[in-house]
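Right, one structure below, let's go through it.
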Amino acid sequence: MNLEEFRTLLARHARPDWTTAVDGVLVSKVDRPDPPAPSMSGMVLAVIAQGAKRLALGDRVYDYGPGQYLVASVDLPVTGQFTQAAPEQPALGFGLTLDPSAVAELLLQAGPGDAPRAGKGTPSAIAVSDAPPALLDAVIRLLRLLDEPRDRAVLAPLVKREILWRLITSEQGATVRQLGLADSSLSHVSRAVRWIRENYAEPFRVEDVARMSGMSASAFYRNFQAVTAMSPIQFQKQIRLQEARLLLATHPGDVTGVGQRVGYDNPSQFSREYRRQFGAPPSRDAARLRDAARTPTGVLP
């Protein structure tokens, strides 16, 4: 695999906000390791060229380094940490946002037997593998287009489609393929995830969310756990605490009010669960956030 060219292209095109001239393509460059920090994963492909990162989803931990890719097919609360990064050898990574409609279109266009059959069970929403040469080659060709503005508008969509196809037919293709299947277990869980995120401050019954997702309560709970590594109630708590942290960054003096806004009626419970999640009580963590700018910590390497 041509990691040297991969690293050179990423280093040349890295911006502080990770964006590039190609929509949906992200480039990261981080020059220091950092403590674990929470974020949302997004639905992305991430490929590392240099350095290493660790991502935790519930009780699952994913480590990925040079020549490896991570795919996230549901936007989930995760904890990320750069484990290898230094000014003289920064962590360098490529990211591509995944579009479920584009995956569905490719699956419809594929001939009978072209796409591998779906395996049994519901795949996890996050998976890590070594990047096959064909996938890495397509990623490098997409990055080369950042230096070729005349060709970018025509060729970038074609190369992005190739990358998606390489993912669909890769070792972790089951996770990606379910993005494009309207009636897959992952699509049902994604519907529930979206509802919980939009209504995180409200209490709910698992049976009601299961019915809304088109599944029995037992199947919903089993599939939700398989995809997210959390129960629905644990997932809601993660979303509440992350939203609370965002609010405290701008309202550091209103800990009780912030707790109530995200669904906590008991201030002591809010403070206790916040400290367990972030390692400090809300007021102290808010001051820490105010005093120090943080490095992006999502799925991207």
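Chain labels run A, B, ... following the order of the structure tokens; each chain numbers its residues from 1, and ligands are numbered from 1 in the order shown.
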
Apply DSSP to the structure's backbone, then extract all residues of region 57-231 of chain A labelled alpha helix (DSSP H) and return them as an mmCIF file with N, CA, C and O atoms, in the first residue's frame.
data_model
loop_
_atom_site.group_PDB
_atom_site.id
_atom_site.type_symbol
_atom_site.label_atom_id
_atom_site.label_comp_id
_atom_site.auth_asym_id
_atom_site.auth_seq_id
_atom_site.Cartn_x
_atom_site.Cartn_y
_atom_site.Cartn_z
ATOM 1 N N PRO A 100 -26.628 7.101 2.922
ATOM 2 C CA PRO A 100 -27.432 5.885 2.760
ATOM 3 C C PRO A 100 -28.076 5.769 1.378
ATOM 4 O O PRO A 100 -28.168 4.665 0.828
ATOM 5 N N SER A 101 -28.510 6.891 0.790
ATOM 6 C CA SER A 101 -29.144 6.818 -0.528
ATOM 7 C C SER A 101 -28.150 6.380 -1.606
ATOM 8 O O SER A 101 -28.508 5.672 -2.552
ATOM 9 N N ALA A 102 -26.883 6.807 -1.466
ATOM 10 C CA ALA A 102 -25.859 6.393 -2.436
ATOM 11 C C ALA A 102 -25.570 4.897 -2.305
ATOM 12 O O ALA A 102 -25.358 4.201 -3.304
ATOM 13 N N VAL A 103 -25.567 4.399 -1.060
ATOM 14 C CA VAL A 103 -25.375 2.958 -0.850
ATOM 15 C C VAL A 103 -26.539 2.192 -1.464
ATOM 16 O O VAL A 103 -26.348 1.175 -2.153
ATOM 17 N N ALA A 104 -27.765 2.661 -1.251
ATOM 18 C CA ALA A 104 -28.945 1.993 -1.805
ATOM 19 C C ALA A 104 -28.887 1.957 -3.328
ATOM 20 O O ALA A 104 -29.224 0.933 -3.953
ATOM 21 N N GLU A 105 -28.456 3.050 -3.948
ATOM 22 C CA GLU A 105 -28.376 3.105 -5.412
ATOM 23 C C GLU A 105 -27.384 2.083 -5.944
ATOM 24 O O GLU A 105 -27.652 1.391 -6.941
ATOM 25 N N LEU A 106 -26.240 1.967 -5.285
ATOM 26 C CA LEU A 106 -25.246 0.991 -5.730
ATOM 27 C C LEU A 106 -25.764 -0.444 -5.582
ATOM 28 O O LEU A 106 -25.530 -1.290 -6.447
ATOM 29 N N LEU A 107 -26.460 -0.714 -4.500
ATOM 30 C CA LEU A 107 -27.005 -2.057 -4.297
ATOM 31 C C LEU A 107 -28.044 -2.400 -5.365
ATOM 32 O O LEU A 107 -28.137 -3.540 -5.819
ATOM 33 N N LEU A 108 -28.823 -1.401 -5.791
ATOM 34 C CA LEU A 108 -29.820 -1.631 -6.841
ATOM 35 C C LEU A 108 -29.159 -1.880 -8.194
ATOM 36 O O LEU A 108 -29.659 -2.652 -9.011
ATOM 37 N N GLN A 109 -28.033 -1.212 -8.428
ATOM 38 C CA GLN A 109 -27.344 -1.349 -9.705
ATOM 39 C C GLN A 109 -26.518 -2.626 -9.793
ATOM 40 O O GLN A 109 -26.212 -3.091 -10.897
ATOM 41 N N PRO A 133 -5.979 -3.035 -0.688
ATOM 42 C CA PRO A 133 -5.274 -2.146 -1.630
ATOM 43 C C PRO A 133 -6.205 -1.382 -2.562
ATOM 44 O O PRO A 133 -5.968 -0.207 -2.856
ATOM 45 N N ALA A 134 -7.286 -2.021 -3.037
ATOM 46 C CA ALA A 134 -8.188 -1.337 -3.972
ATOM 47 C C ALA A 134 -8.893 -0.168 -3.311
ATOM 48 O O ALA A 134 -9.120 0.873 -3.938
ATOM 49 N N LEU A 135 -9.243 -0.309 -2.035
ATOM 50 C CA LEU A 135 -9.889 0.791 -1.310
ATOM 51 C C LEU A 135 -8.913 1.936 -1.099
ATOM 52 O O LEU A 135 -9.231 3.103 -1.339
ATOM 53 N N LEU A 136 -7.702 1.618 -0.652
ATOM 54 C CA LEU A 136 -6.712 2.661 -0.422
ATOM 55 C C LEU A 136 -6.341 3.375 -1.726
ATOM 56 O O LEU A 136 -6.166 4.596 -1.751
ATOM 57 N N ASP A 137 -6.251 2.634 -2.823
ATOM 58 C CA ASP A 137 -5.953 3.240 -4.121
ATOM 59 C C ASP A 137 -7.024 4.252 -4.505
ATOM 60 O O ASP A 137 -6.710 5.359 -4.980
ATOM 61 N N ALA A 138 -8.302 3.913 -4.299
ATOM 62 C CA ALA A 138 -9.384 4.839 -4.631
ATOM 63 C C ALA A 138 -9.342 6.075 -3.738
ATOM 64 O O ALA A 138 -9.580 7.202 -4.194
ATOM 65 N N VAL A 139 -9.035 5.886 -2.454
ATOM 66 C CA VAL A 139 -8.931 7.030 -1.537
ATOM 67 C C VAL A 139 -7.821 7.978 -1.990
ATOM 68 O O VAL A 139 -7.994 9.210 -2.006
ATOM 69 N N ILE A 140 -6.675 7.437 -2.373
ATOM 70 C CA ILE A 140 -5.554 8.275 -2.827
ATOM 71 C C ILE A 140 -5.929 9.017 -4.107
ATOM 72 O O ILE A 140 -5.628 10.214 -4.263
ATOM 73 N N ARG A 141 -6.606 8.355 -5.030
ATOM 74 C CA ARG A 141 -7.022 9.031 -6.268
ATOM 75 C C ARG A 141 -8.014 10.158 -5.992
ATOM 76 O O ARG A 141 -7.999 11.193 -6.665
ATOM 77 N N LEU A 142 -8.875 9.974 -4.996
ATOM 78 C CA LEU A 142 -9.791 11.049 -4.623
ATOM 79 C C LEU A 142 -9.025 12.240 -4.045
ATOM 80 O O LEU A 142 -9.317 13.397 -4.366
ATOM 81 N N LEU A 143 -8.023 11.958 -3.213
ATOM 82 C CA LEU A 143 -7.220 13.041 -2.642
ATOM 83 C C LEU A 143 -6.403 13.762 -3.713
ATOM 84 O O LEU A 143 -6.190 14.980 -3.625
ATOM 85 N N ARG A 144 -5.945 13.046 -4.735
ATOM 86 C CA ARG A 144 -5.205 13.700 -5.820
ATOM 87 C C ARG A 144 -6.047 14.767 -6.507
ATOM 88 O O ARG A 144 -5.520 15.775 -6.999
ATOM 89 N N PRO A 149 -8.323 20.984 -9.746
ATOM 90 C CA PRO A 149 -9.655 21.601 -9.698
ATOM 91 C C PRO A 149 -10.453 21.447 -10.991
ATOM 92 O O PRO A 149 -11.678 21.365 -10.950
ATOM 93 N N ARG A 150 -9.789 21.367 -12.152
ATOM 94 C CA ARG A 150 -10.514 21.231 -13.416
ATOM 95 C C ARG A 150 -11.257 19.898 -13.494
ATOM 96 O O ARG A 150 -12.352 19.807 -14.048
ATOM 97 N N ASP A 151 -10.665 18.852 -12.931
ATOM 98 C CA ASP A 151 -11.236 17.508 -13.020
ATOM 99 C C ASP A 151 -12.154 17.156 -11.852
ATOM 100 O O ASP A 151 -12.884 16.168 -11.917
ATOM 101 N N ARG A 152 -12.101 17.964 -10.803
ATOM 102 C CA ARG A 152 -12.730 17.578 -9.534
ATOM 103 C C ARG A 152 -14.251 17.371 -9.659
ATOM 104 O O ARG A 152 -14.790 16.369 -9.200
ATOM 105 N N ALA A 153 -14.942 18.316 -10.273
ATOM 106 C CA ALA A 153 -16.406 18.247 -10.303
ATOM 107 C C ALA A 153 -16.903 17.001 -11.032
ATOM 108 O O ALA A 153 -17.926 16.412 -10.654
ATOM 109 N N VAL A 154 -16.189 16.580 -12.069
ATOM 110 C CA VAL A 154 -16.614 15.422 -12.853
ATOM 111 C C VAL A 154 -16.167 14.109 -12.226
ATOM 112 O O VAL A 154 -16.942 13.146 -12.121
ATOM 113 N N LEU A 155 -14.907 14.048 -11.778
ATOM 114 C CA LEU A 155 -14.336 12.772 -11.355
ATOM 115 C C LEU A 155 -14.576 12.441 -9.878
ATOM 116 O O LEU A 155 -14.670 11.263 -9.528
ATOM 117 N N ALA A 156 -14.670 13.450 -9.006
ATOM 118 C CA ALA A 156 -14.821 13.162 -7.572
ATOM 119 C C ALA A 156 -16.063 12.320 -7.274
ATOM 120 O O ALA A 156 -15.979 11.348 -6.510
ATOM 121 N N PRO A 157 -17.241 12.629 -7.853
ATOM 122 C CA PRO A 157 -18.405 11.773 -7.575
ATOM 123 C C PRO A 157 -18.197 10.327 -8.023
ATOM 124 O O PRO A 157 -18.673 9.394 -7.363
ATOM 125 N N LEU A 158 -17.468 10.133 -9.125
ATOM 126 C CA LEU A 158 -17.218 8.773 -9.612
ATOM 127 C C LEU A 158 -16.309 8.008 -8.655
ATOM 128 O O LEU A 158 -16.541 6.829 -8.359
ATOM 129 N N VAL A 159 -15.262 8.674 -8.159
ATOM 130 C CA VAL A 159 -14.335 7.997 -7.247
ATOM 131 C C VAL A 159 -15.006 7.735 -5.903
ATOM 132 O O VAL A 159 -14.776 6.688 -5.281
ATOM 133 N N LYS A 160 -15.859 8.640 -5.454
ATOM 134 C CA LYS A 160 -16.585 8.404 -4.204
ATOM 135 C C LYS A 160 -17.494 7.172 -4.327
ATOM 136 O O LYS A 160 -17.615 6.387 -3.390
ATOM 137 N N ARG A 161 -18.130 7.028 -5.488
ATOM 138 C CA ARG A 161 -18.952 5.835 -5.717
ATOM 139 C C ARG A 161 -18.096 4.571 -5.695
ATOM 140 O O ARG A 161 -18.512 3.542 -5.161
ATOM 141 N N GLU A 162 -16.900 4.652 -6.258
ATOM 142 C CA GLU A 162 -16.007 3.491 -6.234
ATOM 143 C C GLU A 162 -15.633 3.139 -4.797
ATOM 144 O O GLU A 162 -15.606 1.962 -4.417
ATOM 145 N N ILE A 163 -15.338 4.159 -3.993
ATOM 146 C CA ILE A 163 -14.984 3.910 -2.592
ATOM 147 C C ILE A 163 -16.134 3.216 -1.873
ATOM 148 O O ILE A 163 -15.927 2.249 -1.120
ATOM 149 N N LEU A 164 -17.362 3.679 -2.110
ATOM 150 C CA LEU A 164 -18.519 3.044 -1.490
ATOM 151 C C LEU A 164 -18.636 1.572 -1.908
ATOM 152 O O LEU A 164 -18.928 0.699 -1.092
ATOM 153 N N TRP A 165 -18.402 1.332 -3.200
ATOM 154 C CA TRP A 165 -18.493 -0.046 -3.678
ATOM 155 C C TRP A 165 -17.404 -0.920 -3.050
ATOM 156 O O TRP A 165 -17.648 -2.078 -2.681
ATOM 157 N N ARG A 166 -16.204 -0.367 -2.923
ATOM 158 C CA ARG A 166 -15.122 -1.118 -2.261
ATOM 159 C C ARG A 166 -15.498 -1.443 -0.815
ATOM 160 O O ARG A 166 -15.163 -2.518 -0.296
ATOM 161 N N LEU A 167 -16.191 -0.509 -0.166
ATOM 162 C CA LEU A 167 -16.640 -0.764 1.207
ATOM 163 C C LEU A 167 -17.725 -1.832 1.246
ATOM 164 O O LEU A 167 -17.705 -2.736 2.092
ATOM 165 N N ILE A 168 -18.691 -1.722 0.332
ATOM 166 C CA ILE A 168 -19.799 -2.670 0.291
ATOM 167 C C ILE A 168 -19.298 -4.100 0.111
ATOM 168 O O ILE A 168 -19.853 -5.051 0.673
ATOM 169 N N GLY A 173 -18.362 -5.073 4.865
ATOM 170 C CA GLY A 173 -19.441 -4.655 3.975
ATOM 171 C C GLY A 173 -20.828 -4.813 4.569
ATOM 172 O O GLY A 173 -21.743 -4.061 4.223
ATOM 173 N N ALA A 174 -21.029 -5.767 5.468
ATOM 174 C CA ALA A 174 -22.350 -5.968 6.050
ATOM 175 C C ALA A 174 -22.820 -4.719 6.784
ATOM 176 O O ALA A 174 -23.997 -4.343 6.716
ATOM 177 N N THR A 175 -21.888 -4.061 7.482
ATOM 178 C CA THR A 175 -22.241 -2.841 8.201
ATOM 179 C C THR A 175 -22.654 -1.744 7.228
ATOM 180 O O THR A 175 -23.618 -1.015 7.459
ATOM 181 N N VAL A 176 -21.925 -1.630 6.100
ATOM 182 C CA VAL A 176 -22.217 -0.583 5.125
ATOM 183 C C VAL A 176 -23.471 -0.904 4.323
ATOM 184 O O VAL A 176 -24.304 -0.030 4.070
ATOM 185 N N ARG A 177 -23.628 -2.162 3.925
ATOM 186 C CA ARG A 177 -24.776 -2.541 3.096
ATOM 187 C C ARG A 177 -26.096 -2.246 3.796
ATOM 188 O O ARG A 177 -27.065 -1.819 3.164
ATOM 189 N N SER A 185 -32.254 -4.446 9.855
ATOM 190 C CA SER A 185 -32.281 -4.223 11.303
ATOM 191 C C SER A 185 -31.617 -2.913 11.658
ATOM 192 O O SER A 185 -32.077 -2.176 12.541
ATOM 193 N N LEU A 186 -30.520 -2.601 10.947
ATOM 194 C CA LEU A 186 -29.810 -1.358 11.237
ATOM 195 C C LEU A 186 -30.680 -0.142 10.927
ATOM 196 O O LEU A 186 -30.665 0.844 11.663
ATOM 197 N N SER A 187 -31.468 -0.202 9.846
ATOM 198 C CA SER A 187 -32.319 0.937 9.518
ATOM 199 C C SER A 187 -33.404 1.132 10.571
ATOM 200 O O SER A 187 -33.758 2.267 10.916
ATOM 201 N N HIS A 188 -33.930 0.036 11.130
ATOM 202 C CA HIS A 188 -34.918 0.148 12.201
ATOM 203 C C HIS A 188 -34.293 0.773 13.447
ATOM 204 O O HIS A 188 -34.889 1.645 14.088
ATOM 205 N N VAL A 189 -33.083 0.312 13.786
ATOM 206 C CA VAL A 189 -32.400 0.878 14.955
ATOM 207 C C VAL A 189 -32.056 2.344 14.710
ATOM 208 O O VAL A 189 -32.176 3.185 15.607
ATOM 209 N N SER A 190 -31.638 2.679 13.492
ATOM 210 C CA SER A 190 -31.306 4.073 13.170
ATOM 211 C C SER A 190 -32.507 4.984 13.366
ATOM 212 O O SER A 190 -32.363 6.130 13.808
ATOM 213 N N ARG A 191 -33.687 4.470 13.031
ATOM 214 C CA ARG A 191 -34.911 5.254 13.224
ATOM 215 C C ARG A 191 -35.113 5.540 14.709
ATOM 216 O O ARG A 191 -35.461 6.662 15.105
ATOM 217 N N ALA A 192 -34.867 4.537 15.540
ATOM 218 C CA ALA A 192 -35.010 4.721 16.981
ATOM 219 C C ALA A 192 -33.948 5.665 17.532
ATOM 220 O O ALA A 192 -34.238 6.520 18.378
ATOM 221 N N VAL A 193 -32.711 5.506 17.048
ATOM 222 C CA VAL A 193 -31.623 6.389 17.474
ATOM 223 C C VAL A 193 -31.969 7.845 17.166
ATOM 224 O O VAL A 193 -31.775 8.745 17.990
ATOM 225 N N ARG A 194 -32.471 8.068 15.969
ATOM 226 C CA ARG A 194 -32.837 9.435 15.573
ATOM 227 C C ARG A 194 -33.938 9.998 16.476
ATOM 228 O O ARG A 194 -33.872 11.143 16.910
ATOM 229 N N TRP A 195 -34.943 9.160 16.800
ATOM 230 C CA TRP A 195 -36.035 9.629 17.652
ATOM 231 C C TRP A 195 -35.527 9.950 19.060
ATOM 232 O O TRP A 195 -35.891 10.987 19.636
ATOM 233 N N ILE A 196 -34.706 9.084 19.608
ATOM 234 C CA ILE A 196 -34.187 9.334 20.961
ATOM 235 C C ILE A 196 -33.337 10.601 20.986
ATOM 236 O O ILE A 196 -33.423 11.409 21.931
ATOM 237 N N ARG A 197 -32.517 10.806 19.957
ATOM 238 C CA ARG A 197 -31.691 12.013 19.927
ATOM 239 C C ARG A 197 -32.544 13.275 19.848
ATOM 240 O O ARG A 197 -32.209 14.294 20.451
ATOM 241 N N GLU A 198 -33.651 13.215 19.103
ATOM 242 C CA GLU A 198 -34.505 14.397 18.954
ATOM 243 C C GLU A 198 -35.383 14.635 20.181
ATOM 244 O O GLU A 198 -35.875 15.749 20.383
ATOM 245 N N VAL A 206 -39.587 1.689 26.329
ATOM 246 C CA VAL A 206 -38.892 0.957 25.269
ATOM 247 C C VAL A 206 -39.900 0.325 24.319
ATOM 248 O O VAL A 206 -39.698 0.306 23.098
ATOM 249 N N GLU A 207 -41.010 -0.160 24.851
ATOM 250 C CA GLU A 207 -42.026 -0.791 24.009
ATOM 251 C C GLU A 207 -42.576 0.179 22.968
ATOM 252 O O GLU A 207 -42.853 -0.206 21.824
ATOM 253 N N ASP A 208 -42.743 1.453 23.367
ATOM 254 C CA ASP A 208 -43.290 2.446 22.432
ATOM 255 C C ASP A 208 -42.298 2.753 21.318
ATOM 256 O O ASP A 208 -42.676 2.885 20.151
ATOM 257 N N VAL A 209 -41.007 2.889 21.654
ATOM 258 C CA VAL A 209 -39.993 3.170 20.639
ATOM 259 C C VAL A 209 -39.827 1.964 19.719
ATOM 260 O O VAL A 209 -39.632 2.109 18.509
ATOM 261 N N ALA A 210 -39.923 0.774 20.276
ATOM 262 C CA ALA A 210 -39.833 -0.442 19.453
ATOM 263 C C ALA A 210 -40.974 -0.474 18.440
ATOM 264 O O ALA A 210 -40.764 -0.772 17.254
ATOM 265 N N ARG A 211 -42.177 -0.154 18.890
ATOM 266 C CA ARG A 211 -43.337 -0.157 17.986
ATOM 267 C C ARG A 211 -43.158 0.882 16.878
ATOM 268 O O ARG A 211 -43.448 0.622 15.708
ATOM 269 N N MET A 212 -42.669 2.071 17.249
ATOM 270 C CA MET A 212 -42.425 3.119 16.265
ATOM 271 C C MET A 212 -41.370 2.685 15.247
ATOM 272 O O MET A 212 -41.424 3.059 14.066
ATOM 273 N N SER A 213 -40.422 1.848 15.683
ATOM 274 C CA SER A 213 -39.341 1.385 14.804
ATOM 275 C C SER A 213 -39.753 0.178 13.968
ATOM 276 O O SER A 213 -38.973 -0.277 13.126
ATOM 277 N N ALA A 217 -40.689 -5.666 20.950
ATOM 278 C CA ALA A 217 -39.834 -5.132 22.015
ATOM 279 C C ALA A 217 -38.576 -5.970 22.201
ATOM 280 O O ALA A 217 -37.471 -5.433 22.371
ATOM 281 N N SER A 218 -38.718 -7.298 22.158
ATOM 282 C CA SER A 218 -37.555 -8.160 22.384
ATOM 283 C C SER A 218 -36.555 -8.045 21.227
ATOM 284 O O SER A 218 -35.338 -7.958 21.452
ATOM 285 N N ALA A 219 -37.064 -8.042 19.967
ATOM 286 C CA ALA A 219 -36.161 -7.914 18.821
ATOM 287 C C ALA A 219 -35.505 -6.541 18.798
ATOM 288 O O ALA A 219 -34.319 -6.412 18.472
ATOM 289 N N PHE A 220 -36.273 -5.521 19.155
ATOM 290 C CA PHE A 220 -35.721 -4.168 19.174
ATOM 291 C C PHE A 220 -34.589 -4.066 20.190
ATOM 292 O O PHE A 220 -33.509 -3.544 19.878
ATOM 293 N N TYR A 221 -34.818 -4.551 21.399
ATOM 294 C CA TYR A 221 -33.788 -4.450 22.435
ATOM 295 C C TYR A 221 -32.532 -5.199 22.015
ATOM 296 O O TYR A 221 -31.416 -4.691 22.163
ATOM 297 N N ARG A 222 -32.709 -6.398 21.454
ATOM 298 C CA ARG A 222 -31.556 -7.211 21.036
ATOM 299 C C ARG A 222 -30.766 -6.519 19.918
ATOM 300 O O ARG A 222 -29.538 -6.441 19.971
ATOM 301 N N ASN A 223 -31.476 -6.009 18.924
ATOM 302 C CA ASN A 223 -30.799 -5.360 17.802
ATOM 303 C C ASN A 223 -30.198 -4.014 18.194
ATOM 304 O O ASN A 223 -29.119 -3.650 17.719
ATOM 305 N N PHE A 224 -30.865 -3.275 19.047
ATOM 306 C CA PHE A 224 -30.327 -1.998 19.509
ATOM 307 C C PHE A 224 -29.012 -2.224 20.237
ATOM 308 O O PHE A 224 -28.033 -1.500 20.020
ATOM 309 N N GLN A 225 -28.970 -3.230 21.086
ATOM 310 C CA GLN A 225 -27.744 -3.554 21.826
ATOM 311 C C GLN A 225 -26.643 -3.992 20.868
ATOM 312 O O GLN A 225 -25.467 -3.612 21.036
ATOM 313 N N ALA A 226 -26.983 -4.780 19.841
ATOM 314 C CA ALA A 226 -25.978 -5.244 18.887
ATOM 315 C C ALA A 226 -25.375 -4.090 18.104
ATOM 316 O O ALA A 226 -24.164 -4.054 17.852
ATOM 317 N N VAL A 227 -26.197 -3.128 17.716
ATOM 318 C CA VAL A 227 -25.722 -2.007 16.900
ATOM 319 C C VAL A 227 -24.970 -0.976 17.726
ATOM 320 O O VAL A 227 -23.907 -0.501 17.323
ATOM 321 N N THR A 228 -25.490 -0.617 18.898
ATOM 322 C CA THR A 228 -24.962 0.519 19.652
ATOM 323 C C THR A 228 -24.101 0.141 20.848
ATOM 324 O O THR A 228 -23.441 1.017 21.423
#

Original post:
Can you tell me, as number ranges by chain, what residues are no more than 10 Å from region 259-264 of chain A when counting only C-alpha atoms, ignoring any on the same chain fewer than 6 positions away?
Top reply: A: 199-203, 236-237, 239-245, 247-248, 270-271, 274, 282

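The shortest atom-to-atom distance to Asp31 (chain A), with only C-alpha atoms taken into account, belongs to A:Glu88 out of A:Asp99, A:Asp75, A:Asp59, A:Glu88.
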
Subject >> Residues near Gly67 (chain A), cut-off 10 Å, only C-alpha atoms, skip fewer than 4 positions along chain, as an MDAnalysis selection string >> reply: chainID A and resid 1:3 6 47:50 93 129:133 136

Original post:
Taking the backbone alone, and naming residues the way the document does, which bits of region 52-262 of chain A are strand (DSSP E or B) by DSSP, as a count of residues only?
Top reply: 38

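CA of Ser124 (chain A) lies 16.2 Å from CA of Tyr64 (chain A).
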
Original post:
Met43 (chain A): which residues within 10 Å, counting only C-alpha atoms, same-chain residues fewer than 3 positions away excluded, as a PyMOL selection string?
Top reply: chain A and resi 40+46+71-76+96-100+125-126+176+179+299

Saved selection, atoms kept: N, CA, C and O atoms, as a CSV table (one decimal), in the first residue's frame:
chain,number,residue,atom,x,y,z
A,40,MET,N,-19.9,12.7,18.9
A,40,MET,CA,-20.8,11.9,18.1
A,40,MET,C,-20.0,11.3,16.9
A,40,MET,O,-19.2,12.0,16.3
A,46,ALA,N,-13.4,6.3,7.9
A,46,ALA,CA,-12.1,6.9,8.3
A,46,ALA,C,-11.0,6.0,8.0
A,46,ALA,O,-11.0,4.8,8.4
A,71,VAL,N,-15.3,2.1,9.9
A,71,VAL,CA,-16.6,2.6,9.3
A,71,VAL,C,-17.6,2.7,10.4
A,71,VAL,O,-17.7,1.8,11.3
A,72,ALA,N,-18.4,3.8,10.4
A,72,ALA,CA,-19.5,4.0,11.4
A,72,ALA,C,-20.7,4.2,10.6
A,72,ALA,O,-20.8,5.1,9.8
A,73,SER,N,-21.7,3.4,10.8
A,73,SER,CA,-23.0,3.4,10.0
A,73,SER,C,-24.1,4.0,10.7
A,73,SER,O,-25.2,4.2,10.1
A,74,VAL,N,-24.0,4.4,12.0
A,74,VAL,CA,-25.0,5.1,12.7
A,74,VAL,C,-24.3,6.2,13.5
A,74,VAL,O,-23.2,6.0,14.0
A,75,ASP,N,-25.0,7.4,13.7
A,75,ASP,CA,-24.4,8.5,14.4
A,75,ASP,C,-24.6,8.2,15.9
A,75,ASP,O,-25.7,8.3,16.4
A,76,LEU,N,-23.6,7.8,16.6
A,76,LEU,CA,-23.6,7.3,18.0
A,76,LEU,C,-22.7,8.1,18.9
A,76,LEU,O,-21.7,8.6,18.5
A,96,LEU,N,-14.7,10.2,4.9
A,96,LEU,CA,-15.7,10.4,3.9
A,96,LEU,C,-17.0,10.1,4.6
A,96,LEU,O,-17.3,9.0,5.1
A,97,THR,N,-17.9,11.1,4.5
A,97,THR,CA,-19.3,10.9,5.0
A,97,THR,C,-20.0,9.9,4.2
A,97,THR,O,-19.9,9.9,2.9
A,98,LEU,N,-20.8,9.0,4.8
A,98,LEU,CA,-21.5,7.9,4.1
A,98,LEU,C,-23.0,8.4,3.9
A,98,LEU,O,-23.6,8.8,4.9
A,99,ASP,N,-23.4,8.2,2.7
A,99,ASP,CA,-24.8,8.6,2.3
A,99,ASP,C,-25.6,7.4,2.1
A,99,ASP,O,-25.4,6.6,1.1
A,100,PRO,N,-26.6,7.1,2.9
A,100,PRO,CA,-27.4,5.9,2.8
A,100,PRO,C,-28.1,5.8,1.4
A,100,PRO,O,-28.2,4.7,0.8
A,125,ALA,N,-22.6,-1.1,14.6
A,125,ALA,CA,-22.6,0.1,13.9
A,125,ALA,C,-21.2,0.6,13.6
A,125,ALA,O,-21.0,1.4,12.7
A,126,ILE,N,-20.2,0.1,14.3
A,126,ILE,CA,-18.8,0.5,14.1
A,126,ILE,C,-17.9,-0.8,13.9
A,126,ILE,O,-18.1,-1.8,14.6
A,176,VAL,N,-21.9,-1.6,6.1
A,176,VAL,CA,-22.2,-0.6,5.1
A,176,VAL,C,-23.5,-0.9,4.3
A,176,VAL,O,-24.3,0.0,4.1
A,179,LEU,N,-26.9,0.1,5.6
A,179,LEU,CA,-27.2,1.6,5.4
A,179,LEU,C,-28.2,1.8,4.3
A,179,LEU,O,-29.0,2.6,4.3
A,299,VAL,N,-14.9,10.2,15.1
A,299,VAL,CA,-14.4,9.0,14.5
A,299,VAL,C,-13.2,9.2,13.7
A,299,VAL,O,-12.3,8.4,13.6

**OP:** For Gln277 (chain A), please output as JSON, numbers by chain all residues within 9 Å (counting only C-alpha atoms; exclusion window: fewer than 2 positions along the same chain).
**Re:** {"A": [38, 238, 241, 272, 273, 274, 275, 279, 280]}

Can I get the selection written as a PDB file, in the first residue's frame, with C-alpha atoms?
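Result file is part38.pdb:
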ATOM      1  CA  PRO A  38     -16.883  12.326  24.045  1.00  0.00           C
ATOM      2  CA  GLN A 238     -25.211   9.406  26.911  1.00  0.00           C
ATOM      3  CA  LEU A 241     -24.895  14.167  29.227  1.00  0.00           C
ATOM      4  CA  ARG A 272     -23.240  12.208  39.959  1.00  0.00           C
ATOM      5  CA  GLU A 273     -23.784  10.831  36.443  1.00  0.00           C
ATOM      6  CA  TYR A 274     -22.001  13.786  34.840  1.00  0.00           C
ATOM      7  CA  ARG A 275     -18.936  13.242  37.018  1.00  0.00           C
ATOM      8  CA  GLY A 279     -14.361  12.748  35.323  1.00  0.00           C
ATOM      9  CA  ALA A 280     -15.315  16.008  37.046  1.00  0.00           C
TER      10      ALA A 280
END

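Between CA of Gly253 (chain A) and CA of Ala286 (chain A) the separation is 8.6 Å.
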